[in-house]
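Engineer: Starting off with a structure, shown below.
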Amino acid sequence: MAIETELMRRCLALGREAGRRGEAPVGSLVAHGGGVVAEASESVAGALDVAGHAEIIALRRASAALGRLDLSSCLLVTTAEPCLMCAYAIREAKIGRVVIGTAIPELGGVTSRLPVLTAAMPGWAAPPAITWSVLGAECAELLGTRVQERERERDRPRPPDGGETMTEHAITGSDETPQDRAQIRPASLDLATADRLAYAYGVRTDRLVWIAGQVARDGQGRLVGAGDAEAQAVQCFENVKAVVEAAGGTMADLVRVNMYVTERPFREAVNTVRARYFTPPRLPVGTLLIVAGLALPEYLVEVDAVAVLRR
């Protein structure tokens, strides 16, 4: 991930430049053949151009630099999840891979209710591969006031006669289609193993995030806390945290947490770790199971979870 991190640092610099100009603090670039061929920062107000988003400007410049519209061999890096407009442009350009710093669930082309960037569409090339949360904390911080304002609105109490309610359809996904789903791939986790074993760390359907069972492996696939249930529990919960944050939520959005331990004496240590991640009144339901074994004998703890993201 070293090259992606280096490219994202450049995007952060571009985003800061846009912020100083009074624009949305978003920076993007297009890389090809190991080098950057185009870069851009947000320029809507300054250019009086509603389409002057960083991603679209970077795509225009990349096509001009390479002399073609087909950018399927290119990588696009951006500090914020592309909006629906930018997601459409990325698909039209046939970008092969997109690296995203932080999610924008209400408007994003992956995590919103209209996942243009990842949907399978007739007549379009295959969706780009998505890598999430490269320098995610820095990218989220860069958005600053905009993110805070969105979260304040999300947390605003709803009036009882006109408030939003969770419907049975939203929970069951009874008419869900593949276009409604987005795979969550945090850059801090072991993506190579997930790809090899053909599983997703998380799947988002509308506001629901289903988080796969997490064991005590770090981003390089190394076991953390051999023989130590408490240390393994910490790594499991850190992995869960990485998944829900990559989906655009927080640990406070978890509504269910299941924990599995291989020996009864591990319960106290695991419950102690669990308590560090949740604060009343937003507490999830959960179950702790004593199991005969997990996928590998060195695993002492596993944790899976479900989250419901707030608007």
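Ordering of the structure tokens sets the chain letters (A, B, ...), residue numbers begin anew at 1 in every chain, and ligands are numbered from 1 in the order given.
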Within 7 Å of range 273-282 of chain A, counting only C-alpha atoms, which residues qualify if same-chain residues fewer than 2 places away don't, as a PyMOL selection string?

Structural biologist: chain A and resi 230+233-234+251-252+269-271+284

Engineer: Any idea what's packed within 7 Å of Pro186 in chain A, counting only C-alpha atoms, ignoring anything in its chain fewer than 5 positions away? Could you give it as a PyMOL selection string?

Structural biologist: chain A and resi 131-133+242-243+246

Engineer: Could those selected residues go to a file with C-alpha atoms, as a compact mmCIF listing (two decimals), in the first residue's frame?

Structural biologist:
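Wrote it out as again-v8.txt, contents follow:
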```txt
# COMPACT_ATOMS: atom_id res chain seq x y z
CA THR A 131 -9.71 0.26 -2.11
CA TRP A 132 -11.02 2.05 0.97
CA SER A 133 -9.65 4.14 3.82
CA ALA A 242 -12.08 -0.62 10.47
CA VAL A 243 -14.92 -2.24 8.51
CA ALA A 246 -14.87 2.18 5.89
```

Engineer: Quick one: residues within 9 Å of Ala292 in chain A, only C-alpha atoms, excluding same-chain residues fewer than 5 positions away - as a ChimeraX atom specification?

Structural biologist: /A:261-263

Engineer: List the spatial neighbours of Gly52 in chain A as a list in words - criterion: any atom at most 7 Å away, only C-alpha atoms, same-chain residues fewer than 3 positions off excluded.

Structural biologist: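 Close residues of Gly52 in chain A: Glu42, Ser43, Val44, Asp49, Ile56 and Ile57 of chain A.
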
Engineer: Go through range 63-132 of chain A and collect every residue that DSSP, computed from the backbone, puts in alpha helix (DSSP H); the answer should be as JSON, numbers by chain.

Structural biologist: {"A": [63, 64, 65, 66, 84, 85, 86, 87, 88, 89, 90, 91, 92, 93]}

Engineer: For N, CA and C atoms, I'd like the residues from the last selection saved as a compact mmCIF listing (two decimals), in the first residue's frame.

Structural biologist:
```txt
# COMPACT_ATOMS: atom_id res chain seq x y z
N SER A 63 -7.36 12.19 -19.85
CA SER A 63 -7.68 11.86 -21.24
C SER A 63 -6.91 12.75 -22.21
N ALA A 64 -6.77 14.02 -21.87
CA ALA A 64 -6.01 14.93 -22.73
C ALA A 64 -4.54 14.54 -22.76
N ALA A 65 -3.99 14.15 -21.60
CA ALA A 65 -2.57 13.80 -21.53
C ALA A 65 -2.27 12.50 -22.28
N LEU A 66 -3.20 11.54 -22.20
CA LEU A 66 -2.97 10.23 -22.81
C LEU A 66 -3.53 10.14 -24.23
N LEU A 84 -22.31 10.86 -7.03
CA LEU A 84 -22.97 10.13 -8.11
C LEU A 84 -22.53 10.63 -9.48
N MET A 85 -22.40 11.94 -9.62
CA MET A 85 -21.96 12.51 -10.90
C MET A 85 -20.56 12.02 -11.25
N CYS A 86 -19.65 12.10 -10.29
CA CYS A 86 -18.27 11.67 -10.55
C CYS A 86 -18.20 10.16 -10.78
N ALA A 87 -19.01 9.41 -10.04
CA ALA A 87 -19.03 7.96 -10.22
C ALA A 87 -19.43 7.60 -11.65
N TYR A 88 -20.43 8.32 -12.18
CA TYR A 88 -20.84 8.08 -13.57
C TYR A 88 -19.68 8.37 -14.53
N ALA A 89 -18.99 9.47 -14.31
CA ALA A 89 -17.87 9.82 -15.18
C ALA A 89 -16.76 8.78 -15.09
N ILE A 90 -16.50 8.28 -13.89
CA ILE A 90 -15.46 7.24 -13.71
C ILE A 90 -15.83 5.98 -14.47
N ARG A 91 -17.11 5.60 -14.41
CA ARG A 91 -17.54 4.41 -15.16
C ARG A 91 -17.44 4.63 -16.66
N GLU A 92 -17.81 5.82 -17.12
CA GLU A 92 -17.70 6.12 -18.56
C GLU A 92 -16.25 6.07 -19.02
N ALA A 93 -15.34 6.49 -18.17
CA ALA A 93 -13.92 6.47 -18.51
C ALA A 93 -13.29 5.09 -18.37
```

Engineer: Tell me, as an MDAnalysis selection string, which residues lie within 12 Å of Gly34 in chain A, counting only C-alpha atoms; anything in the same chain fewer than 5 positions away does not count.

Structural biologist: chainID A and resid 3:4 6:7 73:75

Engineer: Given only C-alpha atoms as the basis, pick out the residue of A:Asp195, A:Glu268, A:Asp253, A:Glu302 nearest to Ala216 in chain A.

Structural biologist: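 Checking each of A:Asp195, A:Glu268, A:Asp253, A:Glu302 against Ala216 in chain A, counting only C-alpha atoms, the winner is A:Glu302.
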
Engineer: Give me, as a compact mmCIF listing (two decimals) with all heavy atoms, in the first residue's frame, all polymer residues having an atom no more than 10 Å from range 207-215 of chain A, counting only C-alpha atoms and skipping those fewer than 4 positions away in the same chain.

Structural biologist:
```txt
# COMPACT_ATOMS: atom_id res chain seq x y z
N PRO A 105 -21.57 8.71 2.79
CA PRO A 105 -22.71 7.79 2.60
C PRO A 105 -23.94 8.40 1.95
O PRO A 105 -24.63 7.73 1.19
CB PRO A 105 -23.00 7.33 4.04
CG PRO A 105 -21.72 7.50 4.77
CD PRO A 105 -21.10 8.71 4.18
N THR A 111 -21.52 3.99 -1.40
CA THR A 111 -22.22 3.70 -0.16
C THR A 111 -23.61 4.31 -0.05
O THR A 111 -24.31 4.06 0.92
CB THR A 111 -21.38 4.15 1.05
OG1 THR A 111 -21.15 5.56 0.96
CG2 THR A 111 -20.04 3.43 1.09
N SER A 112 -24.02 5.14 -1.01
CA SER A 112 -25.37 5.68 -0.98
C SER A 112 -26.34 4.63 -1.52
O SER A 112 -25.95 3.51 -1.87
CB SER A 112 -25.46 6.95 -1.82
OG SER A 112 -25.43 6.63 -3.20
N ARG A 113 -27.59 5.01 -1.62
CA ARG A 113 -28.61 4.07 -2.13
C ARG A 113 -28.50 3.89 -3.64
O ARG A 113 -29.19 3.05 -4.21
CB ARG A 113 -30.01 4.56 -1.76
CG ARG A 113 -30.24 4.66 -0.26
CD ARG A 113 -31.70 4.92 0.07
NE ARG A 113 -32.53 3.80 -0.30
CZ ARG A 113 -33.84 3.76 -0.10
NH1 ARG A 113 -34.46 4.80 0.42
NH2 ARG A 113 -34.55 2.70 -0.46
N MET A 166 -37.67 2.65 10.53
CA MET A 166 -37.07 1.50 9.86
C MET A 166 -38.18 0.55 9.45
O MET A 166 -38.98 0.12 10.27
CB MET A 166 -36.11 0.79 10.83
CG MET A 166 -35.49 -0.47 10.25
SD MET A 166 -34.26 -0.10 9.00
CE MET A 166 -32.95 0.51 10.04
N ALA A 170 -36.51 -2.59 4.80
CA ALA A 170 -35.13 -2.14 4.99
C ALA A 170 -34.31 -3.18 5.74
O ALA A 170 -33.11 -3.31 5.54
CB ALA A 170 -35.12 -0.83 5.77
N ILE A 171 -34.96 -3.96 6.59
CA ILE A 171 -34.25 -4.97 7.37
C ILE A 171 -34.06 -6.24 6.56
O ILE A 171 -33.00 -6.83 6.53
CB ILE A 171 -35.01 -5.27 8.67
CG1 ILE A 171 -35.03 -4.02 9.56
CG2 ILE A 171 -34.40 -6.44 9.41
CD1 ILE A 171 -35.86 -4.15 10.80
N THR A 172 -35.11 -6.69 5.87
CA THR A 172 -35.02 -7.96 5.19
C THR A 172 -34.39 -7.86 3.82
O THR A 172 -33.84 -8.83 3.32
CB THR A 172 -36.43 -8.57 5.00
OG1 THR A 172 -37.20 -7.68 4.18
CG2 THR A 172 -37.13 -8.74 6.34
N GLY A 173 -34.48 -6.67 3.18
CA GLY A 173 -33.97 -6.54 1.82
C GLY A 173 -34.66 -7.50 0.88
O GLY A 173 -34.04 -8.15 0.05
N ARG A 181 -25.85 -3.69 -3.40
CA ARG A 181 -24.82 -4.13 -2.48
C ARG A 181 -23.48 -3.48 -2.79
O ARG A 181 -23.13 -3.27 -3.93
CB ARG A 181 -24.67 -5.65 -2.57
CG ARG A 181 -25.90 -6.41 -2.16
CD ARG A 181 -25.75 -7.89 -2.39
NE ARG A 181 -24.50 -8.41 -1.87
CZ ARG A 181 -24.22 -9.69 -1.78
NH1 ARG A 181 -25.10 -10.59 -2.17
NH2 ARG A 181 -23.06 -10.09 -1.31
N ALA A 182 -22.74 -3.18 -1.71
CA ALA A 182 -21.39 -2.65 -1.86
C ALA A 182 -20.47 -3.42 -0.93
O ALA A 182 -20.75 -3.56 0.26
CB ALA A 182 -21.35 -1.17 -1.52
N GLN A 183 -19.39 -3.97 -1.48
CA GLN A 183 -18.41 -4.66 -0.65
C GLN A 183 -17.53 -3.64 0.05
O GLN A 183 -17.15 -2.63 -0.52
CB GLN A 183 -17.56 -5.60 -1.50
CG GLN A 183 -18.33 -6.78 -2.04
CD GLN A 183 -17.40 -7.85 -2.59
OE1 GLN A 183 -16.21 -7.86 -2.32
NE2 GLN A 183 -17.94 -8.77 -3.35
N ILE A 184 -17.20 -3.91 1.30
CA ILE A 184 -16.37 -3.03 2.11
C ILE A 184 -14.99 -3.67 2.23
O ILE A 184 -14.85 -4.80 2.70
CB ILE A 184 -16.98 -2.81 3.51
CG1 ILE A 184 -18.46 -2.41 3.39
CG2 ILE A 184 -16.18 -1.77 4.28
CD1 ILE A 184 -18.70 -1.17 2.58
N TYR A 199 -13.96 -13.85 0.02
CA TYR A 199 -14.97 -13.32 0.93
C TYR A 199 -14.77 -11.83 1.11
O TYR A 199 -13.70 -11.28 0.84
CB TYR A 199 -14.95 -14.05 2.29
CG TYR A 199 -13.77 -13.73 3.18
CD1 TYR A 199 -13.80 -12.65 4.05
CD2 TYR A 199 -12.63 -14.54 3.16
CE1 TYR A 199 -12.73 -12.37 4.88
CE2 TYR A 199 -11.56 -14.27 3.99
CZ TYR A 199 -11.62 -13.18 4.85
OH TYR A 199 -10.55 -12.90 5.67
N ALA A 200 -15.84 -11.17 1.57
CA ALA A 200 -15.80 -9.72 1.83
C ALA A 200 -15.70 -9.50 3.33
O ALA A 200 -16.31 -10.22 4.12
CB ALA A 200 -17.05 -9.05 1.29
N TYR A 201 -14.94 -8.49 3.74
CA TYR A 201 -14.90 -8.13 5.16
C TYR A 201 -16.24 -7.55 5.61
O TYR A 201 -16.62 -7.68 6.77
CB TYR A 201 -13.78 -7.13 5.42
CG TYR A 201 -12.44 -7.78 5.55
CD1 TYR A 201 -11.49 -7.67 4.55
CD2 TYR A 201 -12.12 -8.52 6.68
CE1 TYR A 201 -10.24 -8.29 4.67
CE2 TYR A 201 -10.88 -9.13 6.81
CZ TYR A 201 -9.95 -9.01 5.80
OH TYR A 201 -8.74 -9.63 5.92
N GLY A 202 -16.92 -6.91 4.70
CA GLY A 202 -18.23 -6.36 5.02
C GLY A 202 -19.03 -6.14 3.76
O GLY A 202 -18.47 -6.00 2.67
N VAL A 203 -20.35 -6.13 3.88
CA VAL A 203 -21.23 -5.83 2.76
C VAL A 203 -22.25 -4.83 3.25
O VAL A 203 -22.87 -5.01 4.31
CB VAL A 203 -21.94 -7.10 2.24
CG1 VAL A 203 -23.02 -6.72 1.22
CG2 VAL A 203 -20.94 -8.05 1.61
N LEU A 223 -0.75 -13.10 12.93
CA LEU A 223 -1.51 -13.31 14.14
C LEU A 223 -1.08 -12.32 15.21
O LEU A 223 0.11 -12.11 15.44
CB LEU A 223 -1.30 -14.74 14.65
CG LEU A 223 -2.02 -15.09 15.97
CD1 LEU A 223 -3.52 -15.12 15.76
CD2 LEU A 223 -1.53 -16.43 16.50
N VAL A 224 -2.05 -11.73 15.90
CA VAL A 224 -1.79 -10.81 17.00
C VAL A 224 -2.24 -11.47 18.30
O VAL A 224 -3.38 -11.94 18.40
CB VAL A 224 -2.54 -9.47 16.80
CG1 VAL A 224 -2.37 -8.57 18.01
CG2 VAL A 224 -2.05 -8.78 15.54
N GLN A 232 -6.14 -10.80 21.53
CA GLN A 232 -6.83 -11.19 20.31
C GLN A 232 -8.18 -10.48 20.20
O GLN A 232 -8.59 -10.06 19.11
CB GLN A 232 -7.02 -12.71 20.26
CG GLN A 232 -5.72 -13.46 20.03
CD GLN A 232 -5.94 -14.86 19.48
OE1 GLN A 232 -7.01 -15.19 18.98
NE2 GLN A 232 -4.90 -15.68 19.57
N ALA A 233 -8.87 -10.32 21.33
CA ALA A 233 -10.16 -9.62 21.30
C ALA A 233 -9.99 -8.18 20.85
O ALA A 233 -10.79 -7.65 20.07
CB ALA A 233 -10.82 -9.68 22.68
N VAL A 234 -8.93 -7.51 21.32
CA VAL A 234 -8.66 -6.14 20.91
C VAL A 234 -8.49 -6.07 19.39
O VAL A 234 -9.07 -5.20 18.71
CB VAL A 234 -7.42 -5.58 21.62
CG1 VAL A 234 -6.99 -4.24 20.99
CG2 VAL A 234 -7.68 -5.40 23.10
N GLN A 235 -7.71 -6.98 18.82
CA GLN A 235 -7.49 -6.98 17.37
C GLN A 235 -8.79 -7.24 16.62
O GLN A 235 -9.07 -6.62 15.60
CB GLN A 235 -6.44 -8.01 16.98
CG GLN A 235 -6.06 -7.98 15.51
CD GLN A 235 -5.39 -6.67 15.11
OE1 GLN A 235 -4.53 -6.16 15.83
NE2 GLN A 235 -5.78 -6.12 13.96
N CYS A 236 -9.60 -8.16 17.15
CA CYS A 236 -10.89 -8.45 16.51
C CYS A 236 -11.76 -7.21 16.46
O CYS A 236 -12.35 -6.88 15.42
CB CYS A 236 -11.61 -9.57 17.26
SG CYS A 236 -10.87 -11.20 17.12
N PHE A 237 -11.85 -6.49 17.59
CA PHE A 237 -12.69 -5.30 17.62
C PHE A 237 -12.10 -4.17 16.78
O PHE A 237 -12.83 -3.37 16.18
CB PHE A 237 -12.93 -4.85 19.06
CG PHE A 237 -14.08 -5.57 19.72
CD1 PHE A 237 -13.85 -6.64 20.57
CD2 PHE A 237 -15.39 -5.21 19.44
CE1 PHE A 237 -14.91 -7.31 21.16
CE2 PHE A 237 -16.46 -5.87 20.03
CZ PHE A 237 -16.22 -6.94 20.90
N GLU A 238 -10.78 -4.08 16.71
CA GLU A 238 -10.17 -3.07 15.84
C GLU A 238 -10.48 -3.37 14.38
O GLU A 238 -10.71 -2.45 13.57
CB GLU A 238 -8.65 -3.04 16.07
CG GLU A 238 -8.25 -2.34 17.37
CD GLU A 238 -8.67 -0.87 17.39
OE1 GLU A 238 -8.39 -0.15 16.41
OE2 GLU A 238 -9.30 -0.47 18.38
N ASN A 239 -10.53 -4.64 14.01
CA ASN A 239 -10.89 -5.01 12.64
C ASN A 239 -12.34 -4.67 12.35
O ASN A 239 -12.68 -4.16 11.27
CB ASN A 239 -10.63 -6.50 12.41
CG ASN A 239 -9.15 -6.84 12.39
OD1 ASN A 239 -8.29 -5.96 12.40
ND2 ASN A 239 -8.83 -8.12 12.36
N VAL A 240 -13.23 -4.97 13.32
CA VAL A 240 -14.64 -4.61 13.17
C VAL A 240 -14.76 -3.10 12.99
O VAL A 240 -15.50 -2.61 12.12
CB VAL A 240 -15.45 -5.08 14.38
CG1 VAL A 240 -16.85 -4.46 14.37
CG2 VAL A 240 -15.55 -6.60 14.40
N LYS A 241 -14.04 -2.34 13.79
CA LYS A 241 -14.06 -0.87 13.72
C LYS A 241 -13.61 -0.39 12.35
O LYS A 241 -14.20 0.53 11.77
CB LYS A 241 -13.16 -0.30 14.82
CG LYS A 241 -13.12 1.22 14.93
CD LYS A 241 -12.35 1.60 16.19
CE LYS A 241 -12.30 3.12 16.39
NZ LYS A 241 -11.30 3.74 15.52
N VAL A 243 -13.90 -1.93 9.52
CA VAL A 243 -14.92 -2.24 8.51
C VAL A 243 -16.07 -1.23 8.59
O VAL A 243 -16.50 -0.67 7.58
CB VAL A 243 -15.44 -3.67 8.67
CG1 VAL A 243 -16.56 -3.95 7.67
CG2 VAL A 243 -14.32 -4.69 8.47
N VAL A 244 -16.60 -0.99 9.80
CA VAL A 244 -17.75 -0.10 9.91
C VAL A 244 -17.36 1.33 9.54
O VAL A 244 -18.15 2.06 8.91
CB VAL A 244 -18.39 -0.17 11.31
CG1 VAL A 244 -17.52 0.49 12.38
CG2 VAL A 244 -19.78 0.45 11.30
N ALA A 247 -17.27 1.75 5.87
CA ALA A 247 -18.62 1.82 5.31
C ALA A 247 -19.28 3.17 5.56
O ALA A 247 -20.39 3.40 5.09
CB ALA A 247 -19.48 0.71 5.91
N GLY A 248 -18.60 4.05 6.32
CA GLY A 248 -19.15 5.36 6.59
C GLY A 248 -19.81 5.50 7.93
O GLY A 248 -20.50 6.49 8.18
N GLY A 249 -19.61 4.51 8.82
CA GLY A 249 -20.24 4.57 10.13
C GLY A 249 -19.24 4.64 11.26
O GLY A 249 -18.05 4.91 11.05
N ASP A 253 -22.81 2.75 15.66
CA ASP A 253 -23.85 2.29 14.74
C ASP A 253 -24.07 0.78 14.81
O ASP A 253 -25.01 0.26 14.20
CB ASP A 253 -23.48 2.67 13.30
CG ASP A 253 -23.49 4.17 13.07
OD1 ASP A 253 -24.32 4.85 13.69
OD2 ASP A 253 -22.65 4.65 12.30
N LEU A 254 -23.22 0.05 15.53
CA LEU A 254 -23.41 -1.40 15.65
C LEU A 254 -24.67 -1.68 16.46
O LEU A 254 -24.90 -1.09 17.52
CB LEU A 254 -22.21 -2.05 16.33
CG LEU A 254 -20.87 -1.98 15.59
CD1 LEU A 254 -19.83 -2.82 16.32
CD2 LEU A 254 -21.00 -2.45 14.15
N VAL A 255 -25.49 -2.60 15.96
CA VAL A 255 -26.71 -2.98 16.67
C VAL A 255 -26.64 -4.41 17.18
O VAL A 255 -27.45 -4.81 18.02
CB VAL A 255 -27.95 -2.81 15.77
CG1 VAL A 255 -28.17 -1.35 15.43
CG2 VAL A 255 -27.85 -3.66 14.51
N ARG A 256 -25.72 -5.19 16.67
CA ARG A 256 -25.54 -6.56 17.17
C ARG A 256 -24.06 -6.93 17.09
O ARG A 256 -23.40 -6.66 16.08
CB ARG A 256 -26.36 -7.57 16.37
CG ARG A 256 -26.24 -8.99 16.93
CD ARG A 256 -27.20 -9.98 16.30
NE ARG A 256 -27.12 -11.25 17.01
CZ ARG A 256 -27.82 -11.56 18.09
NH1 ARG A 256 -28.68 -10.68 18.58
NH2 ARG A 256 -27.69 -12.72 18.69
N VAL A 257 -23.55 -7.58 18.15
CA VAL A 257 -22.18 -8.06 18.20
C VAL A 257 -22.19 -9.48 18.74
O VAL A 257 -22.70 -9.73 19.84
CB VAL A 257 -21.30 -7.17 19.11
CG1 VAL A 257 -19.90 -7.77 19.23
CG2 VAL A 257 -21.22 -5.76 18.57
N ASN A 258 -21.66 -10.41 17.96
CA ASN A 258 -21.53 -11.80 18.40
C ASN A 258 -20.06 -12.11 18.66
O ASN A 258 -19.21 -11.78 17.83
CB ASN A 258 -22.07 -12.77 17.35
CG ASN A 258 -23.56 -12.59 17.12
OD1 ASN A 258 -24.32 -12.35 18.05
ND2 ASN A 258 -23.99 -12.68 15.87
N MET A 259 -19.78 -12.75 19.78
CA MET A 259 -18.40 -13.09 20.13
C MET A 259 -18.30 -14.61 20.34
O MET A 259 -19.20 -15.23 20.93
CB MET A 259 -17.98 -12.35 21.41
CG MET A 259 -18.10 -10.84 21.29
SD MET A 259 -17.53 -9.96 22.77
CE MET A 259 -18.68 -10.57 24.01
N TYR A 260 -17.21 -15.17 19.88
CA TYR A 260 -16.98 -16.61 19.98
C TYR A 260 -15.62 -16.82 20.66
O TYR A 260 -14.62 -16.24 20.23
CB TYR A 260 -16.97 -17.25 18.59
CG TYR A 260 -18.17 -16.86 17.74
CD1 TYR A 260 -18.14 -15.68 16.99
CD2 TYR A 260 -19.30 -17.65 17.68
CE1 TYR A 260 -19.23 -15.30 16.22
CE2 TYR A 260 -20.39 -17.28 16.91
CZ TYR A 260 -20.35 -16.10 16.18
OH TYR A 260 -21.43 -15.74 15.41
N LEU A 294 -12.21 -22.67 16.32
CA LEU A 294 -12.41 -21.72 15.24
C LEU A 294 -11.64 -22.20 14.01
O LEU A 294 -11.18 -23.35 13.98
CB LEU A 294 -11.96 -20.33 15.69
CG LEU A 294 -12.79 -19.75 16.84
CD1 LEU A 294 -12.14 -18.49 17.40
CD2 LEU A 294 -14.22 -19.45 16.39
N ALA A 295 -11.50 -21.36 13.00
CA ALA A 295 -10.94 -21.83 11.72
C ALA A 295 -9.54 -22.40 11.86
O ALA A 295 -9.19 -23.37 11.18
CB ALA A 295 -10.94 -20.67 10.72
N LEU A 296 -8.72 -21.80 12.73
CA LEU A 296 -7.37 -22.31 12.98
C LEU A 296 -7.17 -22.46 14.48
O LEU A 296 -7.74 -21.70 15.27
CB LEU A 296 -6.33 -21.33 12.41
CG LEU A 296 -6.29 -21.20 10.88
CD1 LEU A 296 -5.30 -20.11 10.46
CD2 LEU A 296 -5.95 -22.52 10.21
N TYR A 299 -6.52 -19.43 16.82
CA TYR A 299 -7.55 -18.42 17.06
C TYR A 299 -8.29 -18.75 18.35
O TYR A 299 -8.86 -19.83 18.50
CB TYR A 299 -8.56 -18.37 15.91
CG TYR A 299 -8.00 -17.95 14.57
CD1 TYR A 299 -8.61 -18.33 13.39
CD2 TYR A 299 -6.85 -17.17 14.49
CE1 TYR A 299 -8.11 -17.95 12.15
CE2 TYR A 299 -6.34 -16.78 13.27
CZ TYR A 299 -6.97 -17.17 12.10
OH TYR A 299 -6.47 -16.79 10.88
N LEU A 300 -8.32 -17.80 19.27
CA LEU A 300 -9.02 -17.97 20.54
C LEU A 300 -10.34 -17.20 20.56
O LEU A 300 -11.23 -17.54 21.34
CB LEU A 300 -8.14 -17.47 21.69
CG LEU A 300 -6.72 -18.04 21.76
CD1 LEU A 300 -5.98 -17.45 22.96
CD2 LEU A 300 -6.74 -19.57 21.84
N VAL A 301 -10.45 -16.16 19.71
CA VAL A 301 -11.59 -15.26 19.72
C VAL A 301 -11.98 -14.92 18.29
O VAL A 301 -11.11 -14.79 17.42
CB VAL A 301 -11.26 -13.94 20.47
CG1 VAL A 301 -12.48 -13.02 20.52
CG2 VAL A 301 -10.73 -14.22 21.87
N GLU A 302 -13.27 -14.77 18.05
CA GLU A 302 -13.78 -14.25 16.77
C GLU A 302 -14.97 -13.36 17.08
O GLU A 302 -15.74 -13.63 18.01
CB GLU A 302 -14.17 -15.38 15.83
CG GLU A 302 -14.61 -14.90 14.45
CD GLU A 302 -14.72 -16.02 13.42
OE1 GLU A 302 -14.06 -17.06 13.60
OE2 GLU A 302 -15.46 -15.83 12.44
N VAL A 303 -15.15 -12.30 16.29
CA VAL A 303 -16.24 -11.35 16.51
C VAL A 303 -16.86 -11.01 15.16
O VAL A 303 -16.16 -10.67 14.21
CB VAL A 303 -15.72 -10.04 17.18
CG1 VAL A 303 -16.88 -9.05 17.36
CG2 VAL A 303 -15.05 -10.34 18.51
N ASP A 304 -18.20 -11.10 15.09
CA ASP A 304 -18.90 -10.57 13.91
C ASP A 304 -19.94 -9.57 14.38
O ASP A 304 -20.26 -9.50 15.58
CB ASP A 304 -19.51 -11.68 13.04
CG ASP A 304 -20.57 -12.49 13.74
OD1 ASP A 304 -21.44 -11.90 14.42
OD2 ASP A 304 -20.59 -13.73 13.61
N ALA A 305 -20.49 -8.79 13.46
CA ALA A 305 -21.37 -7.70 13.87
C ALA A 305 -22.28 -7.27 12.73
O ALA A 305 -22.06 -7.58 11.56
CB ALA A 305 -20.54 -6.51 14.35
N VAL A 306 -23.32 -6.53 13.11
CA VAL A 306 -24.24 -5.88 12.17
C VAL A 306 -24.39 -4.43 12.61
O VAL A 306 -24.52 -4.14 13.81
CB VAL A 306 -25.62 -6.57 12.16
CG1 VAL A 306 -26.57 -5.84 11.19
CG2 VAL A 306 -25.50 -8.04 11.79
N ALA A 307 -24.36 -3.52 11.64
CA ALA A 307 -24.55 -2.09 11.94
C ALA A 307 -25.70 -1.54 11.13
O ALA A 307 -25.98 -2.01 10.02
CB ALA A 307 -23.27 -1.30 11.61
N VAL A 308 -26.37 -0.56 11.67
CA VAL A 308 -27.37 0.23 10.94
C VAL A 308 -26.87 1.66 10.94
O VAL A 308 -26.81 2.32 11.99
CB VAL A 308 -28.76 0.13 11.60
CG1 VAL A 308 -29.74 1.02 10.84
CG2 VAL A 308 -29.25 -1.31 11.60
N LEU A 309 -26.49 2.17 9.79
CA LEU A 309 -25.93 3.52 9.69
C LEU A 309 -27.02 4.55 9.84
O LEU A 309 -28.12 4.39 9.31
CB LEU A 309 -25.21 3.69 8.35
CG LEU A 309 -24.11 2.67 8.04
CD1 LEU A 309 -23.42 3.07 6.75
CD2 LEU A 309 -23.13 2.54 9.17
N ARG A 310 -26.72 5.62 10.54
CA ARG A 310 -27.65 6.71 10.70
C ARG A 310 -27.60 7.59 9.46
O ARG A 310 -26.59 7.69 8.80
CB ARG A 310 -27.30 7.52 11.94
CG ARG A 310 -27.53 6.76 13.24
CD ARG A 310 -26.91 7.48 14.42
NE ARG A 310 -25.46 7.34 14.41
CZ ARG A 310 -24.66 7.98 15.24
NH1 ARG A 310 -25.16 8.80 16.14
NH2 ARG A 310 -23.35 7.81 15.19
N ARG A 311 -28.71 8.27 9.17
CA ARG A 311 -28.76 9.17 8.02
C ARG A 311 -27.89 10.39 8.29
O ARG A 311 -27.86 10.89 9.39
CB ARG A 311 -30.20 9.62 7.75
CG ARG A 311 -31.11 8.49 7.28
CD ARG A 311 -30.68 8.00 5.92
NE ARG A 311 -31.64 7.01 5.41
CZ ARG A 311 -31.42 6.28 4.35
NH1 ARG A 311 -30.28 6.38 3.69
NH2 ARG A 311 -32.31 5.41 3.93
```

Engineer: As a list in words, please: the residues near range 14-24 of chain A (cut-off 9 Å, only C-alpha atoms, same-chain neighbours under 5 positions excluded).

Structural biologist: Arg9, Glu39, Ala40, Ser41, Glu42, Ser43, Val44, Ala45, Gly46, His53, Ala54, Thr79, Cys139, Leu142, Leu143 and Arg146 of chain A

Engineer: Grab the CA of Gly286 in chain A to CA of Glu298 in chain A distance for me, in Å with one decimal place.

Structural biologist: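 So the two atoms, CA of Gly286 in chain A and CA of Glu298 in chain A, lie 23.8 Å apart.
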
Engineer: Pick the closest to Thr205 in chain A from A:Ala125, A:Val110, A:Leu135, A:Ala187: which is it, counting only C-alpha atoms?

Structural biologist: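 Smallest separation from Thr205 in chain A among the options: A:Val110.
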
Engineer: Figure out the distance between CA of Ala38 in chain A and CA of Ile100 in chain A, please, to one decimal in Å.

Structural biologist: 16.6 Å

Engineer: Enter the distance from CA of Ala58 in chain A to CA of Ala2 in chain A, in Å, rounded to one decimal.

Structural biologist: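 CA of Ala2 in chain A lies at a distance of 21.6 Å from CA of Ala58 in chain A.
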